[in-house]
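Okay, so here's the structure we're looking at.
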Amino acid sequence: MEELESKQRLFSNQDLMKLIVPLIIEQMLTVTVGLADSIMIASVGEAAVSGVSLVDSIMMLLANVFAALATGGAVVAGQYLGQKENKMACKTADQIVLFISALSIVIIGCMYLCRNLILHRVFGQIEPDVMYNARVYLLIVTASIPFLAIYNGCAALFRTMGNSKIAMNMSLLMNGINIAGNAFLIYGVGMGVEGAAIPTLFSRMVAAMVMLVLLKNKNLSVHFSEQFHFRFHKKLIRRILYIGVPNGIENSMFQLGKILVLSLVSGFGTASIAANAVGNMVAMFEIIPGLALGLSVLTVISRCVGACDIESVRYYTKKLLMITYGSLIILNIIVVCILPFILQIYHLSSETATIARKIILYHTICCVTVWPLSFTLPNTFRASNDVRYCMMVSIISMWVFRIFSSFVLGKWMGLGVFGVWVAMTLDWLVRAVLFVARYIKGSWMYK
């Protein structure tokens with residue numbers, strides 16, 4: 001191992017720092033701005049917070065689809081870079097951006113056509129003021145889907161080059177526009193949820209356009225081909241989809257599970273919906289380092305796989321997993337210390353604050369123990385083309401332990417929204433056990 005570290009490593013400690021730190025900052029910006037958004041929306045009322053939270057669950061489902069496809073393109077491009085096939089990596093960039101752009105246009109049409117079905121069938125019987133806010137927010141934010149798709153695809157390509165600083169800068173630009181727009185429209189103009197939705201749309205438009213321009217730079221190891229053809233390359237699309245589709249199904253089913261569980265939570269009342277929304281936002285903040293390290297694993301391991309360097313795959317998997325645990329522990333200690341302040345600035349009722357505090361503290365414990373093995377480790381499998389195992393484990397575990405157990409614990413046993421969060425962490429535990437067993441067995445190396 002020492003010889004590998006000194007002579008054969010593909011990424012030095014400095015390379016890893018250049019990759020990881022901007023990713024953490026990018027994730028922190030995204031979640032922090034989301035936190036600021038929810039705080040600003042909270043000034044409009046709990047019905048607005050609840051309505052936006054419900055729609056955001058749908059938007060997260062779509063974002064996960066595009067992120068999964070972008071991951072497929074990034075892994076394929078990274079493997080080509082590991083093989084020194086830069087021209088094919090560039091063709092992969094063409095295809096992933098073209099494909100997700102076309103798919104996003106189809107999805108946005110379906111969203112507008114099926115908006116009533118989404119609002120009334122998926123979320124069920126919710127209070128009229130929550131429904132009104134959800135409808136307004138949905139109509140505006142849906143228009144940003146193509147721009148979000150393009151941004152995700154381009155950002156993934158920059159990360160696979162080891163250049164996560166570009167994505168960080170774009171996140172800074174996008175989130176800066178978003179938060180400034182929210183402050184102006186909500187506090188200055190006095191808008192409701194429209195004041196949160198319009199800046200989201202505009203910021204994603206700007207970020208997508210800038211990213212497209214940057215990827216035309218021929219000096220980059222991965223860039224758009226000089227002769228960009230608006231037609232699909234079947235072989236590359238199949239290879240991208242081989243990684244992206246199982247990952248997309250996994251992410252989509254995961255988010256769908258959250259939506260189904262959210263329909264259960266919506267039946268517990270506005271206090272539970274609001275507490276769940278605040279809990280989700282703080283929970284996202286708590287896993288920021290894990291999300292960043294997960295993206296780092298995809299970048300590093302795909303390059304090692306392309307170079308057929310299995311020893312490096314094992315070495316970097318263990319190293320990045322240790323960094324994940326250390327960073328999660330540090331951040332979660334900070335969150336626990338400032339939790340009273342976080343709950344105070346949301347202007348929650350005493351009932352809502354009590355529920356939120358309970359679920360956040362429980363999530364914190366599970367985050368620093370089980371989460372990395374459930375979500376960081378499987379990225380090694382995905383970068384090694386072992387995507388179907390990850391998909392099957394995630395889907396089965398989600399339906400059995402997350403969804404079914406949510407109804408058992410939350411509704412039938414009367415634990416309410418806290419029972420839903422316990423069910424979620426049971427899902428994590430099962431994933432962790434199965435993924436660790438898979439890693440030790442080593443069958444993923446032959447994919």
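Going by the structure tokens order, chains are called A, B, ..., each with residues numbered from 1, while ligands are numbered from 1 in the order shown.
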message: List as a VMD selection string the protein and nucleic acid residues near Leu295 of chain A, meaning an atom at most 12 Å away when only C-alpha atoms are counted, but skip any in the same chain fewer than 2 places from it.
response: chain A and resid 16 19 to 24 26 to 27 67 to 68 70 to 71 74 to 75 155 to 160 162 to 164 167 288 to 293 297 to 302 320 to 321 324 375 to 380 382 to 383
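Counting only C-alpha atoms and comparing A:Ser221, A:Met174, A:Leu215, A:Leu262, the residue that lies closest to Leu81 of chain A is A:Ser221.
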message: Can you pull out the residues contacting Ala196 of chain A? Cut-off 12 Å, using only C-alpha atoms, and skip same-chain residues under 3 positions away; I want them as a PyMOL selection string.
response: chain A and resi 33-34+36-44+48-49+51-53+56+133-134+136-138+140-141+175+177-187+189-193+199-203
- request: Could you give me, as a list in words, the residues within 7 Å of Phe401 of chain A, counting only C-alpha atoms and dropping anything in the same chain fewer than 2 positions from it?
  value: Ser397, Met398, Trp399, Ile403, Phe404, Ser405, Ala423, Leu426 and Asp427 of chain A
field: Residue neighbourhood Ala283 of chain A, 7 Å, only C-alpha atoms, exclusion window fewer than 4 positions, as a VMD selection string
entry: chain A and resid 279 287 360 363
- prompt: Using only C-alpha atoms, which residues sit within 7 Å of Pro146 of chain A once same-chain residues fewer than 6 positions away are excluded, as a ChimeraX atom specification?
  reply: /A:101,104-105
message: For Val261 of chain A, find every residue with an atom within 10 Å (counting only C-alpha atoms), except residues of its own chain fewer than 3 positions away, and show them as a PyMOL selection string.
response: chain A and resi 123+255-258+264-266+402-404+406-407+410+417+420-421+424
Given the selection you just returned, output its residues as a file containing all heavy atoms, formatted as a compact mmCIF listing (two decimals), in the first residue's frame.
# COMPACT_ATOMS: atom_id res chain seq x y z
N PHE A 123 -50.44 14.07 -3.89
CA PHE A 123 -50.41 14.65 -2.55
C PHE A 123 -51.69 14.41 -1.77
O PHE A 123 -51.73 14.64 -0.56
CB PHE A 123 -50.13 16.16 -2.63
CG PHE A 123 -48.79 16.48 -3.23
CD1 PHE A 123 -48.64 17.50 -4.14
CD2 PHE A 123 -47.67 15.75 -2.90
CE1 PHE A 123 -47.41 17.79 -4.70
CE2 PHE A 123 -46.43 16.02 -3.44
CZ PHE A 123 -46.30 17.05 -4.35
N GLN A 255 -36.66 8.72 -4.73
CA GLN A 255 -37.41 9.95 -4.57
C GLN A 255 -38.90 9.70 -4.61
O GLN A 255 -39.67 10.36 -3.91
CB GLN A 255 -37.00 10.95 -5.66
CG GLN A 255 -37.47 12.37 -5.42
CD GLN A 255 -36.86 12.97 -4.16
OE1 GLN A 255 -35.75 12.62 -3.77
NE2 GLN A 255 -37.58 13.86 -3.52
N LEU A 256 -39.33 8.74 -5.45
CA LEU A 256 -40.74 8.38 -5.48
C LEU A 256 -41.19 7.86 -4.13
O LEU A 256 -42.29 8.17 -3.65
CB LEU A 256 -40.98 7.32 -6.56
CG LEU A 256 -42.42 6.79 -6.70
CD1 LEU A 256 -43.38 7.92 -7.05
CD2 LEU A 256 -42.48 5.69 -7.75
N GLY A 257 -40.31 7.07 -3.51
CA GLY A 257 -40.61 6.59 -2.17
C GLY A 257 -40.79 7.74 -1.20
O GLY A 257 -41.69 7.72 -0.35
N LYS A 258 -39.94 8.76 -1.33
CA LYS A 258 -40.07 9.94 -0.47
C LYS A 258 -41.41 10.65 -0.71
O LYS A 258 -42.04 11.15 0.22
CB LYS A 258 -38.92 10.91 -0.72
CG LYS A 258 -37.57 10.40 -0.24
CD LYS A 258 -36.46 11.39 -0.49
CE LYS A 258 -36.62 12.65 0.34
NZ LYS A 258 -35.46 13.57 0.18
N LEU A 264 -48.15 10.35 3.08
CA LEU A 264 -48.52 9.87 4.41
C LEU A 264 -48.34 10.97 5.44
O LEU A 264 -49.22 11.21 6.29
CB LEU A 264 -47.66 8.65 4.77
CG LEU A 264 -47.77 8.12 6.21
CD1 LEU A 264 -49.17 7.58 6.47
CD2 LEU A 264 -46.73 7.03 6.44
N VAL A 265 -47.20 11.68 5.36
CA VAL A 265 -46.91 12.76 6.30
C VAL A 265 -47.96 13.87 6.19
O VAL A 265 -48.36 14.47 7.19
CB VAL A 265 -45.50 13.33 6.06
CG1 VAL A 265 -45.26 14.58 6.91
CG2 VAL A 265 -44.44 12.28 6.36
N SER A 266 -48.41 14.16 4.95
CA SER A 266 -49.39 15.23 4.76
C SER A 266 -50.69 14.95 5.50
O SER A 266 -51.43 15.88 5.82
CB SER A 266 -49.66 15.43 3.26
OG SER A 266 -50.30 14.29 2.70
N ARG A 402 -38.31 1.27 3.88
CA ARG A 402 -38.61 2.71 3.96
C ARG A 402 -40.11 2.96 3.86
O ARG A 402 -40.70 3.63 4.71
CB ARG A 402 -37.88 3.47 2.86
CG ARG A 402 -38.00 4.98 2.99
CD ARG A 402 -37.36 5.68 1.81
NE ARG A 402 -37.39 7.12 1.97
CZ ARG A 402 -36.40 7.84 2.46
NH1 ARG A 402 -35.29 7.26 2.84
NH2 ARG A 402 -36.49 9.15 2.57
N ILE A 403 -40.75 2.43 2.82
CA ILE A 403 -42.15 2.74 2.58
C ILE A 403 -43.07 1.92 3.49
O ILE A 403 -43.90 2.48 4.23
CB ILE A 403 -42.51 2.52 1.10
CG1 ILE A 403 -41.69 3.47 0.22
CG2 ILE A 403 -44.01 2.73 0.87
CD1 ILE A 403 -41.92 3.30 -1.26
N PHE A 404 -42.93 0.59 3.44
CA PHE A 404 -43.81 -0.24 4.24
C PHE A 404 -43.65 0.06 5.73
O PHE A 404 -44.64 0.20 6.46
CB PHE A 404 -43.52 -1.72 3.97
CG PHE A 404 -44.37 -2.66 4.78
CD1 PHE A 404 -45.73 -2.81 4.52
CD2 PHE A 404 -43.81 -3.40 5.82
CE1 PHE A 404 -46.51 -3.67 5.27
CE2 PHE A 404 -44.59 -4.27 6.57
CZ PHE A 404 -45.94 -4.40 6.30
N SER A 406 -42.68 2.79 7.04
CA SER A 406 -43.22 4.13 7.34
C SER A 406 -44.69 4.04 7.73
O SER A 406 -45.14 4.70 8.68
CB SER A 406 -43.05 5.06 6.14
OG SER A 406 -41.70 5.38 5.93
N PHE A 407 -45.44 3.23 7.00
CA PHE A 407 -46.86 3.06 7.33
C PHE A 407 -47.03 2.30 8.64
O PHE A 407 -47.90 2.63 9.45
CB PHE A 407 -47.58 2.34 6.19
CG PHE A 407 -47.90 3.23 5.02
CD1 PHE A 407 -46.98 3.41 3.99
CD2 PHE A 407 -49.10 3.91 4.95
CE1 PHE A 407 -47.26 4.24 2.92
CE2 PHE A 407 -49.40 4.75 3.88
CZ PHE A 407 -48.47 4.92 2.86
N GLY A 410 -45.28 4.87 11.37
CA GLY A 410 -45.88 6.20 11.43
C GLY A 410 -47.37 6.19 11.64
O GLY A 410 -47.89 6.94 12.48
N VAL A 417 -44.73 11.42 12.21
CA VAL A 417 -43.63 11.72 11.29
C VAL A 417 -42.30 11.17 11.81
O VAL A 417 -41.42 10.82 11.02
CB VAL A 417 -43.55 13.24 11.06
CG1 VAL A 417 -43.10 13.97 12.31
CG2 VAL A 417 -42.63 13.56 9.90
N VAL A 420 -41.75 7.79 10.46
CA VAL A 420 -41.32 7.83 9.06
C VAL A 420 -39.80 7.97 8.98
O VAL A 420 -39.14 7.33 8.14
CB VAL A 420 -42.02 9.00 8.32
CG1 VAL A 420 -41.41 9.23 6.94
CG2 VAL A 420 -43.52 8.73 8.21
N TRP A 421 -39.22 8.79 9.83
CA TRP A 421 -37.77 8.97 9.83
C TRP A 421 -37.04 7.73 10.35
O TRP A 421 -35.95 7.39 9.88
CB TRP A 421 -37.39 10.21 10.64
CG TRP A 421 -37.67 11.48 9.90
CD1 TRP A 421 -38.89 11.96 9.53
CD2 TRP A 421 -36.70 12.41 9.41
NE1 TRP A 421 -38.75 13.15 8.84
CE2 TRP A 421 -37.42 13.45 8.76
CE3 TRP A 421 -35.32 12.49 9.47
CZ2 TRP A 421 -36.78 14.53 8.16
CZ3 TRP A 421 -34.67 13.58 8.88
CH2 TRP A 421 -35.40 14.58 8.23
N MET A 424 -36.88 5.38 7.48
CA MET A 424 -35.86 5.81 6.54
C MET A 424 -34.48 5.27 6.94
O MET A 424 -33.72 4.77 6.10
CB MET A 424 -35.82 7.33 6.46
CG MET A 424 -34.71 7.91 5.60
SD MET A 424 -34.66 9.72 5.63
CE MET A 424 -34.05 10.00 7.30
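We find atom CA of Ala432 of chain A and atom CA of Gly294 of chain A to be spaced 14.6 Å apart.
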message: Quick check, in Å to one decimal: how far apart do atom CA of Val368 of chain A and atom CA of Cys304 of chain A lie?
response: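 Atom-to-atom, atom CA of Val368 of chain A to atom CA of Cys304 of chain A, that is 27.6 Å.
Closest approach to Met391 of chain A among A:Met281, A:Val55, A:Met253, A:Ile96: A:Met253, based on only C-alpha atoms.
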